[in-house]
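Peer 1: Okay, here's the structure, questions in a sec.
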Amino acid sequence: MRVLVVDTALGLCSAGVFVVEESVAWPLGLRSEAMTKGHQERLAGMARDAVAEAGGFERIDRIGVTVGPGSFTGLRVGLAFAQGLGAALGRPVVGLSALDGLAASVEGGGATAALIDARRGQVYARFWRAGAPQGPAEALSIEAAMERVRALGPEVRLVGSGAALIAEEVVGAGAADLPGPAPEALARLTAAAEPAASPPRPLYLRAPDATPPSRLPGQPRPTPSGA
């Protein structure tokens, strides 16, 4: 299967075409840059160059896009681009968890914890033992995440921007602070996904920090009582 992967969820902006056979992904064209802002200006050009290098859009069988958790703005850029391209090409678009992508980016079996720094004393987390997920993605306090990691047993692999927040407190844990999922890991997940069960919809594990305005534009400020 030939897949195009798009990732704008975390600290990378990636667009790449891969051939995936028997769970092995070979890159045909790839553009990936460390980036936390500016995805909207860069993504289309990166995808164009990667696809041209791989032989053209018409040869793509499926598109995979990261759906979060991650940057609100980055997710919207990647999802809009992937869905628009999928509609234009008539190709299925599958949504990929950034946590699943991080976990798939580190080799080997055993226990794995994918952790994204969510700020405010929290991490977005998902845990695996022997390749099997131990529940859904969650937003956890750092203390709760430490307990979950300890429960996985010794020699746990921690991956993601939240790994460093926990590694020093957990004996035997190894940390890989990746800026985002490896594109080849996303390609494997794209090929393995069931489109009907993996819709390209944003995955939010916590309510947005922004609050709605208290008054409409042009509306006068309320007069304090007693004034």
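Just remember, in the structure tokens the first chain shown is A, the second B, etc., residues are 1-based per chain, and ligands are 1-based in the order shown.
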For stretch 131-144 of chain A, find every residue with an atom within 7 Å (counting only C-alpha atoms), except residues of its own chain fewer than 4 positions away, and show them as a list of chain:residue names.
Peer 2: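 After dropping sequence-adjacent residues, the list is A:Gly109, A:Gly121, A:Gln122, A:Val123, A:Tyr124, A:Ala125, A:Arg126, A:Phe127, A:Arg148, A:Leu205, A:Arg206.
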Peer 1: How would the residues just chosen look if you wrote them out with C-alpha atoms as an mmCIF file, in the first residue's frame?
Peer 2:
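In the end it all went to selection_5.cif:
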```cif
data_model
loop_
_atom_site.group_PDB
_atom_site.id
_atom_site.type_symbol
_atom_site.label_atom_id
_atom_site.label_comp_id
_atom_site.auth_asym_id
_atom_site.auth_seq_id
_atom_site.Cartn_x
_atom_site.Cartn_y
_atom_site.Cartn_z
ATOM 1 C CA GLY A 109 8.572 -4.959 22.985
ATOM 2 C CA GLY A 121 1.121 19.936 35.760
ATOM 3 C CA GLN A 122 -0.444 17.440 33.362
ATOM 4 C CA VAL A 123 0.543 15.053 30.591
ATOM 5 C CA TYR A 124 -1.426 13.421 27.815
ATOM 6 C CA ALA A 125 -0.650 9.740 28.141
ATOM 7 C CA ARG A 126 -1.280 6.250 26.867
ATOM 8 C CA PHE A 127 0.348 3.055 28.075
ATOM 9 C CA ARG A 148 0.831 4.336 36.077
ATOM 10 C CA LEU A 205 -8.336 15.255 25.991
ATOM 11 C CA ARG A 206 -8.814 18.564 27.801
#
```
Peer 1: Pick out each residue of stretch 58-142 of chain A that DSSP on the backbone tags as strand (DSSP E); I need them as a ChimeraX atom specification.
Peer 2: /A:62-68,93-97,111-119,122-129,132-133,138-141
Peer 1: So that I can check the surroundings of A:Ala47, please list as an MDAnalysis selection string every protein, DNA and RNA residue that reaches within 8 Å of it, counting only C-alpha atoms and ignoring chain neighbours fewer than 6 positions away.
Peer 2: chainID A and resid 15:16 31
Peer 1: Tell me which of A:Glu33, A:Glu53, A:Asp7, A:Glu22 sits closest to A:Leu79, counting only C-alpha atoms.
Peer 2: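 Ranking A:Glu33, A:Glu53, A:Asp7, A:Glu22 by distance to A:Leu79, first place goes to A:Asp7.
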Peer 1: Could you list, as a PyMOL selection string, every residue within 9 Å of A:Gly160, counting only C-alpha atoms and ignoring same-chain residues fewer than 2 positions away?
Peer 2: chain A and resi 99+102-103+113-117+158+162-164+175-181
Peer 1: As number ranges by chain, please: the residues near A:Ala185 (cut-off 8 Å, only C-alpha atoms, same-chain neighbours under 3 positions excluded).
Peer 2: A: 25, 101-102, 104-105, 181-182, 188-189
Peer 1: DSSP on the backbone: what in stretch 63-198 of chain A comes out helix (DSSP H, G or I), as a VMD selection string?
Peer 2: chain A and resid 72 to 89 98 to 104 142 to 151 164 to 167 183 to 192 195 to 197
Peer 1: Which residues come within 10 Å of A:Gly68, counting only C-alpha atoms, excluding same-chain residues fewer than 6 positions away, as a count of residues only?
Peer 2: 19
Peer 1: Which of these, A:Glu184, A:Glu107, A:Glu168, A:Glu58, has the shortest distance to A:Ser32 once you count only C-alpha atoms?
Peer 2: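 Under the stated criterion, the closest residue is A:Glu184.
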Peer 1: Excluding A:Arg150 and residues on its chain fewer than 3 positions from it, collect all residues at most 9 Å away from it, counting only C-alpha atoms, and give them as a PDB file with C-alpha atoms, in the first residue's frame.
Peer 2:
```
ATOM      1  CA  ALA A 145       1.214   9.318  35.349  1.00  0.00           C
ATOM      2  CA  MET A 146       4.212   8.339  37.496  1.00  0.00           C
ATOM      3  CA  GLU A 147       2.109   5.771  39.337  1.00  0.00           C
ATOM      4  CA  GLY A 153       7.087  -2.751  35.814  1.00  0.00           C
ATOM      5  CA  PRO A 154      10.843  -2.225  35.386  1.00  0.00           C
ATOM      6  CA  VAL A 156       9.694   1.042  30.883  1.00  0.00           C
ATOM      7  CA  VAL A 170      11.004   6.212  37.891  1.00  0.00           C
ATOM      8  CA  VAL A 171      13.868   3.757  38.408  1.00  0.00           C
ATOM      9  CA  ALA A 173      12.829   4.062  32.842  1.00  0.00           C
TER      10      ALA A 173
END
```
Peer 1: Kindly indicate which residue among A:Leu28, A:Ala44, A:Cys13, A:Val6 lies nearest to A:Pro200, using only C-alpha atoms for the distances.
Peer 2: A:Val6
Peer 1: For A:Arg157, which of A:Ala197, A:Val106, A:Phe57, A:Leu186 is the closest residue, counting only C-alpha atoms?
Peer 2: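 The answer is A:Val106, which sits nearest to A:Arg157.
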Peer 1: Could you work out how far atom CA of A:Thr190 lies from atom CA of A:Gly110, giving the answer in Å with one decimal?
Peer 2: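 Result for atom CA of A:Gly110 versus atom CA of A:Thr190: 22.8 Å, one decimal.
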Peer 1: Which of these residues is nearest to A:Gly174, using only C-alpha atoms: A:Ala118, A:Val149, A:Met46, A:Met35?
Peer 2: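 When distances to A:Gly174 are compared using only C-alpha atoms, the smallest one comes from A:Val149.
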Peer 1: Rank nothing, just name the residue among A:Phe72, A:Trp26, A:Trp128, A:Phe18 nearest to A:His39, using only C-alpha atoms.
Peer 2: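 Result for the nearest residue to A:His39: A:Phe72.
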Peer 1: Find the distance between atom CA of A:Leu85 and atom CA of A:Ile63 and write it in Å to one decimal.
Peer 2: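 Atom-to-atom, atom CA of A:Leu85 and atom CA of A:Ile63 are spaced 8.6 Å apart.
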